[in-house]
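Printed here is data.cif (mmCIF, C-alpha atoms):
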```cif
data_entry
loop_
_atom_site.label_atom_id
_atom_site.label_comp_id
_atom_site.auth_asym_id
_atom_site.auth_seq_id
_atom_site.Cartn_x
_atom_site.Cartn_y
_atom_site.Cartn_z
CA MET Z 1 -44.74 -151.86 76.94
CA LYS Z 2 -43.12 -149.74 74.29
CA ILE Z 3 -45.02 -146.66 73.14
CA LEU Z 4 -44.43 -145.00 69.80
CA LYS Z 5 -45.72 -141.54 68.92
CA SER Z 6 -47.43 -141.01 65.56
CA GLY Z 7 -48.90 -137.49 65.23
CA ARG Z 8 -51.36 -137.12 68.08
CA ARG Z 9 -51.91 -140.83 68.31
CA ARG Z 10 -49.95 -143.47 70.13
CA MET Z 11 -49.42 -147.10 69.32
CA ALA Z 12 -49.02 -149.86 71.88
CA MET Z 13 -46.88 -152.83 70.95
CA LEU Z 14 -47.65 -155.85 73.09
CA ALA Z 15 -45.51 -158.94 73.51
CA PRO Z 16 -47.34 -162.30 73.33
CA ALA Z 17 -48.57 -163.53 76.68
CA PHE Z 18 -47.36 -166.81 78.14
CA ALA Z 19 -48.80 -168.66 81.15
CA LEU Z 20 -52.09 -166.82 81.51
CA ALA Z 21 -55.52 -168.00 82.59
CA LEU Z 22 -58.03 -168.03 79.73
CA ILE Z 23 -61.62 -166.90 80.30
CA PRO Z 24 -64.37 -168.25 77.97
CA PHE Z 25 -65.87 -165.56 75.73
CA SER Z 26 -69.41 -166.63 76.53
CA THR Z 27 -69.12 -165.14 80.02
CA GLY Z 28 -67.63 -161.82 78.89
CA THR Z 29 -69.13 -158.36 78.87
CA ALA Z 30 -67.98 -155.03 77.51
CA ASN Z 31 -66.65 -154.15 80.98
CA ALA Z 32 -64.78 -157.39 81.69
CA ASN Z 33 -61.64 -158.29 79.79
CA THR Z 34 -62.05 -161.67 78.10
CA SER Z 35 -59.58 -161.44 75.22
CA PRO Z 36 -57.51 -164.60 75.87
CA GLY Z 37 -53.96 -163.94 76.96
CA TRP Z 38 -54.45 -160.28 77.97
CA GLY Z 39 -54.52 -158.59 81.34
CA ASP Z 40 -57.14 -156.23 82.74
CA ASP Z 41 -54.96 -153.22 81.85
CA ARG Z 42 -55.69 -153.79 78.14
CA PRO Z 43 -58.96 -153.44 76.20
CA ASP Z 44 -61.09 -156.45 75.36
CA VAL Z 45 -60.33 -156.18 71.66
CA ILE Z 46 -62.02 -159.47 70.72
CA TRP Z 47 -65.31 -158.41 72.30
CA ASP Z 48 -65.01 -154.94 70.77
CA CYS Z 49 -64.30 -156.31 67.27
CA ASN Z 50 -67.10 -158.84 67.65
CA ASN Z 51 -69.59 -156.11 68.52
CA GLY Z 52 -68.57 -153.30 66.16
CA LYS Z 53 -67.00 -151.11 68.87
CA THR Z 54 -63.84 -150.24 66.92
CA ASP Z 55 -62.88 -148.10 63.93
CA LEU Z 56 -60.76 -150.92 62.49
CA CYS Z 57 -60.16 -154.61 63.11
CA GLN Z 58 -57.72 -155.91 60.54
CA TYR Z 59 -56.30 -159.43 60.48
CA HIS Z 60 -52.67 -159.77 59.33
CA GLU Z 61 -51.68 -163.24 58.18
CA VAL Z 62 -48.14 -164.27 59.11
CA LYS Z 63 -48.09 -167.82 57.78
CA ALA Z 64 -50.50 -170.31 56.22
CA TRP Z 65 -50.42 -173.93 55.12
CA THR Z 66 -52.66 -176.90 54.29
CA GLN Z 67 -52.60 -180.07 56.37
CA LEU Z 68 -54.63 -183.20 56.99
CA GLY Z 69 -56.72 -182.90 60.14
CA LYS Z 70 -57.78 -185.38 62.79
CA ARG Z 71 -60.13 -188.24 62.02
CA ARG Z 72 -63.70 -188.19 63.26
CA GLN Z 73 -66.16 -191.04 63.11
CA VAL Z 74 -68.92 -190.60 60.53
CA GLY Z 75 -72.40 -192.01 61.15
CA ASN Z 76 -73.20 -195.00 63.32
CA PRO Z 77 -71.04 -198.15 63.46
CA VAL Z 78 -72.14 -201.35 61.73
CA TYR Z 79 -72.55 -204.22 64.21
CA ASN Z 80 -72.43 -207.94 63.43
CA CYS Z 81 -71.95 -209.14 67.00
CA THR Z 82 -74.33 -212.12 66.98
CA GLY Z 83 -74.38 -212.94 63.26
CA GLN Z 84 -73.16 -216.19 61.76
CA ARG Z 85 -72.01 -214.80 58.42
CA ASP Z 86 -70.34 -211.78 56.96
CA VAL Z 87 -72.42 -208.64 56.57
CA ASP Z 88 -71.96 -206.23 53.67
CA VAL Z 89 -73.67 -202.88 54.06
CA GLU Z 90 -73.70 -200.30 51.28
CA ARG Z 91 -74.46 -196.87 52.63
CA TRP Z 92 -74.05 -193.16 51.89
CA TRP Z 93 -71.87 -191.46 54.48
CA THR Z 94 -71.97 -187.67 54.88
CA THR Z 95 -69.97 -185.28 57.05
CA SER Z 96 -69.51 -181.51 57.28
CA ARG Z 97 -66.93 -179.06 58.64
CA THR Z 98 -66.86 -175.27 58.98
CA THR Z 99 -64.35 -172.55 59.80
CA SER Z 100 -63.11 -172.36 63.40
CA TYR Z 101 -61.31 -169.50 65.14
CA SER Z 102 -58.75 -169.65 67.92
CA PHE Z 103 -57.41 -166.71 69.94
CA GLN Z 104 -54.30 -167.48 71.97
CA ARG Z 105 -55.34 -171.15 71.76
CA GLU Z 106 -58.79 -170.41 73.25
CA THR Z 107 -61.30 -172.01 70.89
CA SER Z 108 -64.54 -171.31 72.78
CA VAL Z 109 -64.81 -167.80 71.34
CA SER Z 110 -67.73 -167.26 68.97
CA VAL Z 111 -67.27 -164.91 66.02
CA SER Z 112 -70.00 -162.67 64.63
CA ALA Z 113 -70.66 -162.36 60.90
CA GLY Z 114 -69.24 -158.84 60.77
CA PHE Z 115 -66.05 -159.83 62.56
CA SER Z 116 -65.56 -162.96 60.45
CA ASP Z 117 -65.73 -160.78 57.33
CA LYS Z 118 -62.82 -158.71 58.67
CA LEU Z 119 -60.84 -161.84 59.47
CA GLU Z 120 -61.58 -163.32 56.05
CA ALA Z 121 -60.22 -160.23 54.30
CA GLY Z 122 -56.75 -160.93 55.72
CA VAL Z 123 -56.58 -164.63 54.82
CA SER Z 124 -54.64 -165.52 51.68
CA ALA Z 125 -56.94 -166.48 48.81
CA SER Z 126 -56.78 -169.92 47.22
CA SER Z 127 -54.89 -169.91 43.92
CA SER Z 128 -55.00 -173.60 43.01
CA GLN Z 129 -57.44 -174.89 40.41
CA THR Z 130 -57.81 -178.22 42.23
CA GLU Z 131 -58.52 -177.06 45.78
CA LYS Z 132 -60.05 -173.97 47.36
CA TRP Z 133 -61.11 -172.56 50.73
CA GLU Z 134 -63.51 -169.88 51.88
CA VAL Z 135 -63.53 -168.56 55.44
CA GLY Z 136 -66.96 -169.05 57.03
CA ARG Z 137 -68.14 -171.61 54.50
CA THR Z 138 -69.46 -174.98 55.67
CA SER Z 139 -68.08 -177.76 53.47
CA THR Z 140 -69.71 -181.17 53.07
CA THR Z 141 -68.67 -184.45 51.54
CA SER Z 142 -70.66 -187.59 50.79
CA ASN Z 143 -69.41 -190.99 49.72
CA LYS Z 144 -71.09 -194.30 48.95
CA LEU Z 145 -69.03 -196.92 50.76
CA THR Z 146 -69.43 -200.64 51.35
CA ALA Z 147 -68.85 -201.95 54.86
CA HIS Z 148 -67.67 -205.57 55.23
CA VAL Z 149 -68.07 -206.89 58.78
CA ARG Z 150 -67.25 -210.45 59.90
CA PRO Z 151 -69.26 -212.27 62.63
CA GLY Z 152 -68.50 -211.04 66.14
CA MET Z 153 -67.15 -207.77 64.80
CA ALA Z 154 -68.25 -204.17 64.40
CA GLY Z 155 -66.99 -201.56 61.99
CA GLY Z 156 -67.19 -197.87 61.23
CA TYR Z 157 -65.96 -195.13 58.95
CA TRP Z 158 -63.83 -192.13 59.88
CA PHE Z 159 -63.14 -189.01 57.83
CA ALA Z 160 -60.14 -186.67 58.10
CA PRO Z 161 -60.53 -183.32 56.29
CA TYR Z 162 -57.79 -181.13 54.90
CA TRP Z 163 -57.62 -177.75 56.64
CA ARG Z 164 -56.21 -174.44 55.46
CA LYS Z 165 -54.55 -173.10 58.58
CA SER Z 166 -53.82 -169.38 58.84
CA GLN Z 167 -51.97 -167.77 61.75
CA GLY Z 168 -51.45 -164.07 62.43
CA TRP Z 169 -52.48 -161.08 64.55
CA ILE Z 170 -55.18 -158.40 64.67
CA GLU Z 171 -54.64 -154.65 64.38
CA VAL Z 172 -57.30 -152.68 66.26
CA HIS Z 173 -58.01 -148.93 66.00
CA TYR Z 174 -60.27 -146.98 68.37
CA GLY Z 175 -61.81 -143.55 67.83
CA LYS Z 176 -60.88 -142.60 71.37
CA ARG Z 177 -58.21 -143.83 73.73
CA LYS Z 178 -58.64 -147.21 75.38
CA HIS Z 179 -56.37 -147.66 78.39
CA GLY Z 180 -54.39 -144.68 77.10
CA HIS Z 181 -53.93 -145.70 73.46
CA TYR Z 182 -55.74 -145.50 70.11
CA PHE Z 183 -54.03 -148.50 68.44
CA TRP Z 184 -53.63 -152.03 69.81
CA TYR Z 185 -52.04 -155.15 68.32
CA TYR Z 186 -53.48 -158.48 69.45
CA PRO Z 187 -51.79 -160.50 70.83
CA GLY Z 188 -48.67 -158.73 69.52
CA ARG Z 189 -47.53 -157.25 66.23
CA GLY Z 190 -46.08 -159.97 63.99
CA SER Z 191 -47.27 -162.76 66.31
CA THR Z 192 -49.27 -165.89 65.47
CA GLY Z 193 -51.71 -165.89 68.39
CA VAL Z 194 -54.78 -165.83 66.13
CA GLU Z 195 -55.50 -169.00 64.14
CA ILE Z 196 -58.18 -169.53 61.49
CA ASN Z 197 -58.90 -173.10 60.33
CA THR Z 198 -60.94 -173.50 57.15
CA PRO Z 199 -61.89 -176.78 55.44
CA VAL Z 200 -60.50 -177.24 51.94
CA PHE Z 201 -62.78 -178.31 49.09
CA ASN Z 202 -62.06 -179.71 45.65
CA SER Z 203 -62.94 -178.10 42.33
CA ASP Z 204 -66.24 -180.05 42.33
CA GLY Z 205 -67.27 -178.42 45.64
CA GLU Z 206 -66.77 -181.57 47.75
CA MET Z 207 -64.77 -181.23 50.95
CA LYS Z 208 -61.26 -182.64 50.50
CA GLY Z 209 -60.13 -185.37 52.87
CA LYS Z 210 -59.50 -189.06 53.43
CA TRP Z 211 -61.91 -191.85 54.41
CA TYR Z 212 -60.87 -194.64 56.77
CA TRP Z 213 -62.55 -197.97 57.61
CA ALA Z 214 -61.85 -199.86 60.85
CA THR Z 215 -63.25 -202.98 62.53
CA TRP Z 216 -63.12 -204.18 66.13
CA LYS Z 217 -64.43 -207.01 68.26
CA CYS Z 218 -67.89 -206.55 69.80
#
```
Can the structure from this file be put into structure tokens for me?
Amino acid sequence: MKILKSGRRRMAMLAPAFALALIPFSTGTANANTSPGWGDDRPDVIWDCNNGKTDLCQYHEVKAWTQLGKRRQVGNPVYNCTGQRDVDVERWWTTSRTTSYSFQRETSVSVSAGFSDKLEAGVSASSSQTEKWEVGRTSTTSNKLTAHVRPGMAGGYWFAPYWRKSQGWIEVHYGKRKHGHYFWYYPGRGSTGVEINTPVFNSDGEMKGKWYWATWKC
């Protein structure tokens, strides 16, 4: 650990952790370190930021991009296992996605409203007129699609959303020393250990993505 003096305060610069056991946030307390990727000799900055125990929790974005996410099945499949003729089903299909947070690849950590506001402030704003994103917003899309299923077959729809992915680190300030220091950088200054994934939506407010139809034998 390298310590830099700044007036009466000290700053701790931490290198990103590697092969470390991750502890789910849901089992953490203020006295037990649960910030993924950190040892017991460092403060539980994620818990502290989540519970308003710091003077500052500021997210610094290092890089961001938009990409197509994984497909997920939407609604129930259409079955024509015992039928003697083709089946055409016209149906409205709806699916939703919301922002997710990952700390050192640990995705089971819940984020409070106050903490998410601090994270949102550091995410680059959308500048395109055709697509936008808002951290913490739940986006929904609906589509009226016709399913064509032959006898002895079943079919279903999948939807893959576009995600705005942001990676960076969190700067944390305490009013009094924690483990000997006022300032901490999680999981390291300039690192990309914090990831924020936000669904992208079009100018009409509909979540942006691609629909897929697939059939298989019963």
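You will find CA of Cys57 (chain Z) at 11.3 Å from CA of Glu120 (chain Z).
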Result set of the PyMOL selection byres ((chain Z and resi 56) around 10) on the coordinates above, as a PDB file with C-alpha atoms, in the frame of the given file:
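As written to disk, result13.pdb reads:
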```pdb
ATOM      1  CA  CYS Z  49     -64.300-156.310  67.270  1.00  0.00           C
ATOM      2  CA  GLY Z  52     -68.570-153.300  66.160  1.00  0.00           C
ATOM      3  CA  LYS Z  53     -67.000-151.110  68.870  1.00  0.00           C
ATOM      4  CA  THR Z  54     -63.840-150.240  66.920  1.00  0.00           C
ATOM      5  CA  ASP Z  55     -62.880-148.100  63.930  1.00  0.00           C
ATOM      6  CA  CYS Z  57     -60.160-154.610  63.110  1.00  0.00           C
ATOM      7  CA  GLN Z  58     -57.720-155.910  60.540  1.00  0.00           C
ATOM      8  CA  TYR Z  59     -56.300-159.430  60.480  1.00  0.00           C
ATOM      9  CA  LYS Z 118     -62.820-158.710  58.670  1.00  0.00           C
ATOM     10  CA  ILE Z 170     -55.180-158.400  64.670  1.00  0.00           C
ATOM     11  CA  GLU Z 171     -54.640-154.650  64.380  1.00  0.00           C
ATOM     12  CA  VAL Z 172     -57.300-152.680  66.260  1.00  0.00           C
ATOM     13  CA  HIS Z 173     -58.010-148.930  66.000  1.00  0.00           C
ATOM     14  CA  TYR Z 174     -60.270-146.980  68.370  1.00  0.00           C
ATOM     15  CA  GLY Z 175     -61.810-143.550  67.830  1.00  0.00           C
ATOM     16  CA  PHE Z 183     -54.030-148.500  68.440  1.00  0.00           C
TER      17      PHE Z 183
END
```
Where does region 54-106 of chain Z meet region 153-161 of chain Z within 10 Å, residue by residue, with the nearest atom pair and distance in Å to one decimal for each, counting all atoms listed in the file, listed by chain and rising number, as CSV?
```
residue,atom,partner,partner_atom,distance
Z:Gln67,CA,Z:Pro161,CA,8.6
Z:Leu68,CA,Z:Pro161,CA,5.9
Z:Gly69,CA,Z:Pro161,CA,5.4
Z:Lys70,CA,Z:Ala160,CA,5.4
Z:Arg71,CA,Z:Ala160,CA,4.2
Z:Arg72,CA,Z:Trp158,CA,5.2
Z:Gln73,CA,Z:Trp158,CA,4.1
Z:Val74,CA,Z:Trp158,CA,5.4
Z:Gly75,CA,Z:Tyr157,CA,7.5
Z:Asn76,CA,Z:Gly156,CA,7.0
Z:Pro77,CA,Z:Gly156,CA,4.5
Z:Val78,CA,Z:Gly155,CA,5.2
Z:Tyr79,CA,Z:Ala154,CA,4.3
Z:Asn80,CA,Z:Met153,CA,5.5
Z:Cys81,CA,Z:Met153,CA,5.5
Z:Thr82,CA,Z:Met153,CA,8.7
Z:Gly83,CA,Z:Met153,CA,9.0
Z:Asp86,CA,Z:Met153,CA,9.4
Z:Val87,CA,Z:Met153,CA,9.8
Z:Trp93,CA,Z:Tyr157,CA,8.3
Z:Thr94,CA,Z:Phe159,CA,9.4
Z:Thr95,CA,Z:Phe159,CA,7.8
Z:Ser96,CA,Z:Pro161,CA,9.2
Z:Arg97,CA,Z:Pro161,CA,8.0
```
Can you turn the PyMOL selection byres ((chain Z and resi 135) around 12) into a concrete residue list for this file, as a PDB file with C-alpha atoms, in the coordinates of the input?
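This went into part-v4.pdb:
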```pdb
ATOM      1  CA  ARG Z  97     -66.930-179.060  58.640  1.00  0.00           C
ATOM      2  CA  THR Z  98     -66.860-175.270  58.980  1.00  0.00           C
ATOM      3  CA  THR Z  99     -64.350-172.550  59.800  1.00  0.00           C
ATOM      4  CA  SER Z 100     -63.110-172.360  63.400  1.00  0.00           C
ATOM      5  CA  TYR Z 101     -61.310-169.500  65.140  1.00  0.00           C
ATOM      6  CA  VAL Z 111     -67.270-164.910  66.020  1.00  0.00           C
ATOM      7  CA  ALA Z 113     -70.660-162.360  60.900  1.00  0.00           C
ATOM      8  CA  PHE Z 115     -66.050-159.830  62.560  1.00  0.00           C
ATOM      9  CA  SER Z 116     -65.560-162.960  60.450  1.00  0.00           C
ATOM     10  CA  ASP Z 117     -65.730-160.780  57.330  1.00  0.00           C
ATOM     11  CA  LYS Z 118     -62.820-158.710  58.670  1.00  0.00           C
ATOM     12  CA  LEU Z 119     -60.840-161.840  59.470  1.00  0.00           C
ATOM     13  CA  GLU Z 120     -61.580-163.320  56.050  1.00  0.00           C
ATOM     14  CA  ALA Z 121     -60.220-160.230  54.300  1.00  0.00           C
ATOM     15  CA  GLY Z 122     -56.750-160.930  55.720  1.00  0.00           C
ATOM     16  CA  VAL Z 123     -56.580-164.630  54.820  1.00  0.00           C
ATOM     17  CA  SER Z 124     -54.640-165.520  51.680  1.00  0.00           C
ATOM     18  CA  ALA Z 125     -56.940-166.480  48.810  1.00  0.00           C
ATOM     19  CA  SER Z 126     -56.780-169.920  47.220  1.00  0.00           C
ATOM     20  CA  LYS Z 132     -60.050-173.970  47.360  1.00  0.00           C
ATOM     21  CA  TRP Z 133     -61.110-172.560  50.730  1.00  0.00           C
ATOM     22  CA  GLU Z 134     -63.510-169.880  51.880  1.00  0.00           C
ATOM     23  CA  GLY Z 136     -66.960-169.050  57.030  1.00  0.00           C
ATOM     24  CA  ARG Z 137     -68.140-171.610  54.500  1.00  0.00           C
ATOM     25  CA  THR Z 138     -69.460-174.980  55.670  1.00  0.00           C
ATOM     26  CA  SER Z 139     -68.080-177.760  53.470  1.00  0.00           C
ATOM     27  CA  TRP Z 163     -57.620-177.750  56.640  1.00  0.00           C
ATOM     28  CA  ARG Z 164     -56.210-174.440  55.460  1.00  0.00           C
ATOM     29  CA  LYS Z 165     -54.550-173.100  58.580  1.00  0.00           C
ATOM     30  CA  SER Z 166     -53.820-169.380  58.840  1.00  0.00           C
ATOM     31  CA  GLU Z 195     -55.500-169.000  64.140  1.00  0.00           C
ATOM     32  CA  ILE Z 196     -58.180-169.530  61.490  1.00  0.00           C
ATOM     33  CA  ASN Z 197     -58.900-173.100  60.330  1.00  0.00           C
ATOM     34  CA  THR Z 198     -60.940-173.500  57.150  1.00  0.00           C
ATOM     35  CA  PRO Z 199     -61.890-176.780  55.440  1.00  0.00           C
ATOM     36  CA  VAL Z 200     -60.500-177.240  51.940  1.00  0.00           C
ATOM     37  CA  PHE Z 201     -62.780-178.310  49.090  1.00  0.00           C
TER      38      PHE Z 201
END
```
Set up a box along x, y and z of the file covering all listed atoms of region 197-202 of chain Z, add 5 Å on every one of the six sides, and write the centre and edge lengths in Å to one decimal, as AutoDock Vina command-line options.
```
--center_x -60.8 --center_y -176.4 --center_z 53.0 --size_x 13.9 --size_y 16.6 --size_z 24.7
```
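Between CA of Glu106 (chain Z) and CA of Gly209 (chain Z) the interatomic distance comes to 25.3 Å.
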**Study point:** Residues matched by the PyMOL selection byres ((chain Z and resi 45) around 8) as a list in words
**Key:**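 Against this file, the PyMOL selection byres ((chain Z and resi 45) around 8) returns the residues Ser35, Pro43, Asp44, Ile46, Trp47, Asp48, Cys49, Val172 and Tyr186 of chain Z.
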Generate a file of the selected residues that holds C-alpha atoms, formatted as an mmCIF file, keeping the file's coordinate frame.
```
data_model
loop_
_atom_site.group_PDB
_atom_site.id
_atom_site.type_symbol
_atom_site.label_atom_id
_atom_site.label_comp_id
_atom_site.auth_asym_id
_atom_site.auth_seq_id
_atom_site.Cartn_x
_atom_site.Cartn_y
_atom_site.Cartn_z
ATOM 1 C CA SER Z 35 -59.580 -161.440 75.220
ATOM 2 C CA PRO Z 43 -58.960 -153.440 76.200
ATOM 3 C CA ASP Z 44 -61.090 -156.450 75.360
ATOM 4 C CA ILE Z 46 -62.020 -159.470 70.720
ATOM 5 C CA TRP Z 47 -65.310 -158.410 72.300
ATOM 6 C CA ASP Z 48 -65.010 -154.940 70.770
ATOM 7 C CA CYS Z 49 -64.300 -156.310 67.270
ATOM 8 C CA VAL Z 172 -57.300 -152.680 66.260
ATOM 9 C CA TYR Z 186 -53.480 -158.480 69.450
#
```
Check your understanding: Quick one: distance from CA of Val109 (chain Z) to CA of Val194 (chain Z) in Å, one decimal?
Key ->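 One can read the CA of Val109 (chain Z) to CA of Val194 (chain Z) distance as 11.5 Å.
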Check your understanding: Using only C-alpha atoms, which residue out of Z:Trp92, Z:Trp38, Z:Tyr162, Z:Trp65 lies closest to Lys208 (chain Z)?
Key ->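 Ranked by minimum distance to Lys208 (chain Z), first place goes to Z:Tyr162.
Among the candidates Z:Arg105, Z:Lys178, Z:Arg189, Z:Arg91, the one nearest to Ala147 (chain Z) when counting only C-alpha atoms is Z:Arg91.
Among the candidate residues Z:Ser112, Z:Gln167, Z:Gln129, Z:Gln104, the one lying nearest to His60 (chain Z) is Z:Gln167, with distances computed using all atoms listed in the file.
Of the residues listed (Z:Gly168, Z:Pro187, Z:Lys217, Z:Thr141), Z:Thr141 shows the shortest atom-to-atom separation from Gly205 (chain Z); distances use all atoms listed in the file.
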